[in-house]
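As stored in data.csv (CSV, C-alpha atoms):
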chain,number,residue,atom,x,y,z
A,10,MET,CA,126.1,99.8,105.3
A,11,ARG,CA,125.2,96.6,103.5
A,12,THR,CA,126.9,93.5,105.1
A,13,VAL,CA,126.6,89.7,104.9
A,14,GLY,CA,124.4,89.8,108.0
A,15,GLY,CA,122.1,92.4,106.5
A,16,PRO,CA,122.0,96.3,106.6
A,17,ARG,CA,123.8,97.9,109.5
A,18,GLN,CA,123.4,101.5,110.8
A,19,ARG,CA,125.5,103.5,113.2
A,20,THR,CA,124.8,107.0,114.5
A,21,LEU,CA,127.8,109.3,113.9
A,22,CYS,CA,126.5,112.5,115.3
A,23,ALA,CA,123.2,114.5,115.8
A,24,ILE,CA,122.3,117.4,113.5
A,25,TRP,CA,121.6,119.8,116.4
A,26,GLY,CA,124.1,121.5,118.7
A,27,ARG,CA,127.8,121.5,118.4
A,28,LEU,CA,130.2,118.6,118.0
A,29,ASN,CA,132.1,117.8,121.1
A,30,GLY,CA,135.5,116.1,121.0
A,31,SER,CA,134.2,112.5,121.0
A,32,ALA,CA,131.4,113.2,118.5
A,33,GLN,CA,133.8,115.0,116.1
A,34,ALA,CA,136.2,112.0,116.4
A,35,ARG,CA,133.4,109.6,115.5
A,36,TRP,CA,132.4,111.8,112.6
A,37,LEU,CA,135.9,112.0,111.2
A,38,LYS,CA,136.6,108.3,111.7
A,39,SER,CA,133.7,107.2,109.5
A,40,VAL,CA,135.2,105.8,106.3
A,41,GLU,CA,136.1,102.1,106.0
A,42,VAL,CA,138.1,101.2,102.9
A,43,PHE,CA,138.3,97.7,101.4
A,44,ASN,CA,141.2,96.5,99.3
A,45,GLU,CA,141.0,93.9,96.5
A,46,GLN,CA,141.4,91.1,99.0
A,47,GLY,CA,138.4,92.3,101.0
A,48,GLU,CA,140.5,93.5,103.9
A,49,ALA,CA,139.1,96.5,105.7
A,50,ARG,CA,141.0,99.6,106.9
A,51,GLN,CA,139.6,102.5,108.8
A,52,LEU,CA,140.3,106.0,107.6
A,53,LYS,CA,139.6,109.5,108.9
A,54,LEU,CA,137.4,111.7,106.8
A,55,PHE,CA,138.4,115.3,105.9
A,56,PRO,CA,137.0,117.7,103.3
A,57,SER,CA,139.4,118.8,100.6
A,58,HIS,CA,139.8,122.4,101.8
A,59,VAL,CA,140.9,121.4,105.4
A,60,GLU,CA,144.5,120.8,106.3
A,61,VAL,CA,145.1,117.4,107.8
A,62,PRO,CA,147.7,116.4,110.4
A,63,GLU,CA,150.9,115.7,108.7
A,64,ASP,CA,151.7,112.8,111.1
A,65,ASP,CA,148.5,110.9,110.4
A,66,PRO,CA,148.7,108.6,107.4
A,67,GLN,CA,145.2,107.2,107.9
A,68,VAL,CA,143.4,110.1,106.2
A,69,ALA,CA,140.9,110.2,103.3
A,70,ARG,CA,140.2,113.5,101.5
A,71,VAL,CA,136.8,114.4,100.1
A,72,ILE,CA,136.4,116.7,97.1
A,73,VAL,CA,133.1,118.3,98.3
A,74,ASN,CA,131.9,119.7,94.9
A,75,ARG,CA,132.1,116.2,93.4
A,76,VAL,CA,130.1,114.4,96.0
A,77,ARG,CA,126.7,113.2,94.7
A,78,LEU,CA,123.8,111.0,95.8
A,79,GLU,CA,122.9,108.0,93.7
A,80,ARG,CA,120.3,105.3,93.7
A,81,THR,CA,118.0,106.8,96.3
A,82,ARG,CA,115.4,104.3,97.4
A,83,GLN,CA,112.2,104.1,99.5
A,84,PHE,CA,112.9,102.7,102.9
A,85,GLY,CA,110.5,103.9,105.6
A,86,ALA,CA,107.2,102.5,104.2
A,87,CYS,CA,108.8,99.2,103.1
A,88,PHE,CA,110.4,98.8,106.5
A,89,LEU,CA,107.0,99.4,108.2
A,90,GLY,CA,105.3,96.9,105.9
A,91,TRP,CA,108.0,94.3,106.6
A,92,GLU,CA,107.7,94.8,110.4
A,93,LEU,CA,103.9,94.5,110.2
A,94,TRP,CA,104.4,91.3,108.1
A,95,LYS,CA,106.6,89.8,110.9
A,96,ARG,CA,104.3,91.1,113.7
A,97,LEU,CA,101.4,89.2,112.1
A,98,GLU,CA,103.8,86.2,111.9
A,99,LEU,CA,103.1,85.9,108.1
A,100,ASP,CA,106.8,85.3,107.5
A,101,ARG,CA,106.6,82.0,109.5
A,102,PHE,CA,103.2,81.1,108.0
A,103,PHE,CA,104.4,81.3,104.4
A,104,GLU,CA,107.7,79.7,105.1
A,105,LEU,CA,105.8,76.6,106.3
A,106,ALA,CA,103.2,76.9,103.5
A,107,LEU,CA,105.4,77.8,100.5
A,108,ASP,CA,109.1,77.0,101.2
A,109,GLU,CA,109.0,73.2,101.3
A,110,GLU,CA,110.8,73.1,97.9
A,111,ALA,CA,114.0,75.0,97.3
A,112,ALA,CA,113.7,78.0,95.1
A,113,GLU,CA,116.0,80.6,93.7
A,114,VAL,CA,114.1,83.2,95.7
A,115,PRO,CA,112.1,81.8,98.7
A,116,TRP,CA,108.4,82.0,97.8
A,117,SER,CA,107.6,83.4,101.3
A,118,ARG,CA,109.8,86.4,100.5
A,119,VAL,CA,108.0,86.9,97.1
A,120,ALA,CA,104.7,86.8,99.0
A,121,ALA,CA,106.0,89.6,101.3
A,122,VAL,CA,106.9,91.7,98.3
A,123,LEU,CA,103.4,91.4,96.9
A,124,ALA,CA,101.8,92.2,100.3
A,125,ILE,CA,104.0,95.2,101.0
A,126,ASN,CA,103.3,96.6,97.5
A,127,ARG,CA,99.6,96.4,98.2
A,128,LEU,CA,100.2,98.4,101.4
A,129,CYS,CA,102.5,101.0,100.0
A,130,SER,CA,101.7,101.5,96.4
A,131,PRO,CA,99.2,99.1,94.8
A,132,GLY,CA,100.0,98.2,91.2
A,133,SER,CA,100.1,95.5,88.7
A,134,GLU,CA,102.8,92.7,88.8
A,135,LEU,CA,104.5,94.3,85.8
A,136,ALA,CA,104.5,97.7,87.5
A,137,ILE,CA,106.1,96.1,90.6
A,138,GLU,CA,108.9,94.7,88.5
A,139,GLU,CA,109.6,97.7,86.3
A,140,ARG,CA,109.0,100.7,88.6
A,141,TRP,CA,108.1,100.1,92.2
A,142,TYR,CA,110.4,97.3,93.4
A,143,PRO,CA,113.7,98.7,92.0
A,144,ALA,CA,112.9,102.1,93.7
A,145,THR,CA,112.6,100.4,97.2
A,146,ALA,CA,115.1,98.9,99.7
A,147,LEU,CA,113.3,95.6,99.8
A,148,ASP,CA,116.2,93.8,98.2
A,149,ASP,CA,118.2,94.6,101.3
A,150,LEU,CA,115.4,94.1,103.8
A,151,LEU,CA,114.4,90.7,102.4
A,152,GLU,CA,117.9,89.7,101.3
A,153,ILE,CA,116.9,89.1,97.7
A,154,GLU,CA,119.5,89.2,95.0
A,155,GLU,CA,119.3,92.0,92.4
A,156,GLY,CA,117.2,91.2,89.3
A,157,LYS,CA,115.4,88.3,90.8
A,158,ILE,CA,111.9,89.8,91.1
A,159,ASN,CA,109.9,89.8,87.9
A,160,ASP,CA,106.3,89.6,86.9
A,161,THR,CA,106.4,85.9,86.1
A,162,ARG,CA,107.7,85.0,89.6
A,163,LEU,CA,105.1,87.3,91.1
A,164,TYR,CA,102.2,85.6,89.2
A,165,ARG,CA,103.5,82.1,90.1
A,166,CYS,CA,103.7,83.1,93.8
A,167,LEU,CA,100.0,84.2,93.6
A,168,ASP,CA,99.1,80.7,92.2
A,169,ARG,CA,101.0,79.1,95.1
A,170,MET,CA,99.3,81.2,97.7
A,171,LEU,CA,95.7,80.6,96.6
A,172,PRO,CA,95.4,77.0,97.9
A,173,HIS,CA,96.3,78.4,101.4
A,174,LYS,CA,93.6,81.0,101.5
A,175,ARG,CA,91.4,79.4,104.1
A,176,LYS,CA,94.4,78.6,106.4
A,177,LEU,CA,95.6,82.2,105.9
A,178,GLU,CA,92.2,83.6,107.0
A,179,GLN,CA,92.3,81.4,110.1
A,180,HIS,CA,95.8,82.5,110.9
A,181,LEU,CA,95.0,86.2,110.5
A,182,LYS,CA,91.9,85.8,112.7
A,183,GLN,CA,94.0,84.2,115.4
A,184,ARG,CA,96.7,86.9,115.3
A,185,TYR,CA,94.1,89.7,115.1
A,186,GLY,CA,92.5,88.4,118.3
A,187,GLU,CA,95.9,88.0,120.0
A,188,LEU,CA,97.1,91.5,119.1
A,189,PHE,CA,93.9,93.5,119.8
A,190,GLY,CA,91.9,91.2,122.1
A,191,ALA,CA,89.1,91.2,119.5
A,192,GLU,CA,85.8,89.4,120.1
A,193,PHE,CA,84.6,87.6,117.1
A,194,ASP,CA,80.8,87.8,117.5
A,195,VAL,CA,80.3,88.1,113.8
A,196,LEU,CA,77.3,90.2,112.7
A,197,LEU,CA,75.6,90.4,109.3
A,198,TYR,CA,76.2,94.0,108.4
A,199,ASP,CA,74.8,94.1,104.9
A,200,LEU,CA,73.3,91.8,102.3
A,201,THR,CA,72.8,93.2,98.8
A,202,SER,CA,71.5,91.5,95.6
A,203,THR,CA,73.1,92.8,92.5
A,204,TYR,CA,72.6,91.8,88.9
A,205,VAL,CA,75.6,91.5,86.6
A,206,GLU,CA,75.0,91.6,82.8
A,207,GLY,CA,76.4,88.7,80.9
A,208,THR,CA,75.7,85.7,78.8
A,209,ALA,CA,77.9,83.1,80.5
A,210,GLU,CA,76.3,79.6,80.5
A,211,ARG,CA,76.1,77.3,83.5
A,212,ASN,CA,76.7,80.2,85.9
A,213,PRO,CA,76.2,78.9,89.4
A,214,MET,CA,75.1,82.4,90.6
A,215,MET,CA,72.2,82.5,88.1
A,216,GLY,CA,68.9,83.3,89.8
A,217,ARG,CA,65.9,85.5,90.2
A,218,GLY,CA,65.8,88.5,92.5
A,219,ILE,CA,62.9,90.5,94.1
A,220,LEU,CA,62.0,91.9,90.7
A,221,ALA,CA,62.0,88.4,89.1
A,222,ARG,CA,64.5,89.6,86.6
A,223,SER,CA,65.9,86.6,84.7
A,224,SER,CA,67.8,88.3,81.9
A,225,SER,CA,70.9,88.9,84.1
A,226,ARG,CA,72.9,86.9,86.6
A,227,LEU,CA,72.3,87.5,90.3
A,228,ARG,CA,75.2,88.2,92.7
A,229,ALA,CA,74.7,88.3,96.5
A,230,ASP,CA,77.2,90.4,98.5
A,231,GLY,CA,77.7,89.9,102.3
A,232,ASP,CA,79.9,92.0,104.5
A,233,ARG,CA,80.9,90.6,107.9
A,234,THR,CA,82.1,92.8,110.7
A,235,ASP,CA,83.0,92.5,114.4
A,236,ARG,CA,81.5,94.7,117.2
A,237,GLU,CA,83.5,97.8,116.4
A,238,PRO,CA,82.3,97.5,113.5
A,239,ARG,CA,85.4,96.7,111.5
A,240,GLY,CA,85.2,94.8,108.3
A,241,ILE,CA,86.4,91.2,108.5
A,242,SER,CA,85.6,89.7,105.2
A,243,LEU,CA,83.6,90.2,102.1
A,244,GLN,CA,81.7,87.2,100.6
A,245,LEU,CA,80.4,87.1,97.0
Once you've parsed the file, please lay out its structure as structure tokens.
Amino acid sequence: MRTVGGPRQRTLCAIWGRLNGSAQARWLKSVEVFNEQGEARQLKLFPSHVEVPEDDPQVARVIVNRVRLERTRQFGACFLGWELWKRLELDRFFELALDEEAAEVPWSRVAAVLAINRLCSPGSELAIEERWYPATALDDLLEIEEGKINDTRLYRCLDRMLPHKRKLEQHLKQRYGELFGAEFDVLLYDLTSTYVEGTAERNPMMGRGILARSSSRLRADGDRTDREPRGISLQL
């Protein structure tokens, strides 16, 4: 159920075994009806073919063959991504880094949308807006109003995140060490010289390699790892 305080769940009964008296009572008493004034009233739920007690006015009938499921959304992967985001304390990091100015949607939440997308189903910012985000439950999880996530807002968030890249790397290094007890004896794992064809002028990466090839620009790739070895960063 979606409430002012966020999504709320309640177990009505298990799908195995038989319903005992208390479980059946909880199952039947599972419909809450709201009137136009927003006042709630609890009703008991009965299928249309079952006779209900005549002396019980708080009854709701269900026409079973007209029940349908609408707007199904992805929840599990998004919930996991959001929990990982909070476990890494990235919610607090970006709140301090990006939310100094008031915005229609907090930039820290937009950053979470971008990161969770990369984890669950990487795609372009336009694909996030048009296909992926509407099919997820992130609007409930992150408390974002419907229709507020678009590619323009996503691109602007990336621009706002870029100046904090170094601080973000330091933050992740600290949290990585705290969570996994990692030792950061960084080792040089690989160093590769690669030429990239192009005619760009004043390229700072221009140089000569072992073969003294000057017709193309030289790019040096370095991969840093820890003792596991797990990749930590990639430098170009």
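A straight line drawn from atom CA of A:Val76 to atom CA of A:Asp149 is 23.7 Å long.
Our summary of the geometry notes that atom CA of A:Ala86 is positioned 22.0 Å from atom CA of A:Pro115.
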Proximity to A:Tyr142 - best of A:Cys87, A:Ala112, A:Ile72, A:Ala191, only C-alpha atoms: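 So, comparing all the options, the nearest one is A:Cys87.
In this structure, atom CA of A:Glu98 sits 25.9 Å away from atom CA of A:Arg82.
With all atoms listed in the file as the basis for measurement, A:Thr145 is the residue among A:Asp108, A:Ser117, A:Thr145, A:Trp94 that approaches A:Arg80 most closely.
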Residues within 12 Å of A:Leu181, all atoms listed in the file, excluding chain neighbours under 2 positions, as a PyMOL selection string: chain A and resi 94+96-99+102+174-179+183-189+191+241-242
Proximity to A:Thr161 - best of A:Val119, A:Lys182, A:Pro131, A:Asp100, all atoms listed in the file: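 Of all the options, A:Val119 lies closest to A:Thr161.
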Selected residue, from A:Ala120, A:Gly90, A:Glu63, A:Ala111, that lies nearest to A:Met170 when counting all atoms listed in the file: A:Ala120
So that I can check the surroundings of A:Leu135, please list as a PDB file with C-alpha atoms, keeping the file's coordinate frame every protein, DNA and RNA residue that reaches within 10 Å of it, counting all atoms listed in the file and ignoring chain neighbours fewer than 3 positions away.
ATOM      1  CA  GLY A 132     100.000  98.200  91.200  1.00  0.00           C
ATOM      2  CA  GLU A 138     108.900  94.700  88.500  1.00  0.00           C
ATOM      3  CA  GLU A 139     109.600  97.700  86.300  1.00  0.00           C
ATOM      4  CA  ARG A 140     109.000 100.700  88.600  1.00  0.00           C
ATOM      5  CA  TRP A 141     108.100 100.100  92.200  1.00  0.00           C
ATOM      6  CA  ASN A 159     109.900  89.800  87.900  1.00  0.00           C
ATOM      7  CA  ASP A 160     106.300  89.600  86.900  1.00  0.00           C
ATOM      8  CA  THR A 161     106.400  85.900  86.100  1.00  0.00           C
ATOM      9  CA  LEU A 163     105.100  87.300  91.100  1.00  0.00           C
ATOM     10  CA  TYR A 164     102.200  85.600  89.200  1.00  0.00           C
TER      11      TYR A 164
END
Nearest to A:Val114 by atom-to-atom distance, counting all atoms listed in the file, from A:Leu78, A:Ala144, A:His180, A:Cys166: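 Closest candidate: A:Cys166.
Comparing A:Glu79, A:Arg169, A:Asp148, A:Arg162 by their smallest distance to A:Glu110, the closest is A:Arg169 (using all atoms listed in the file).
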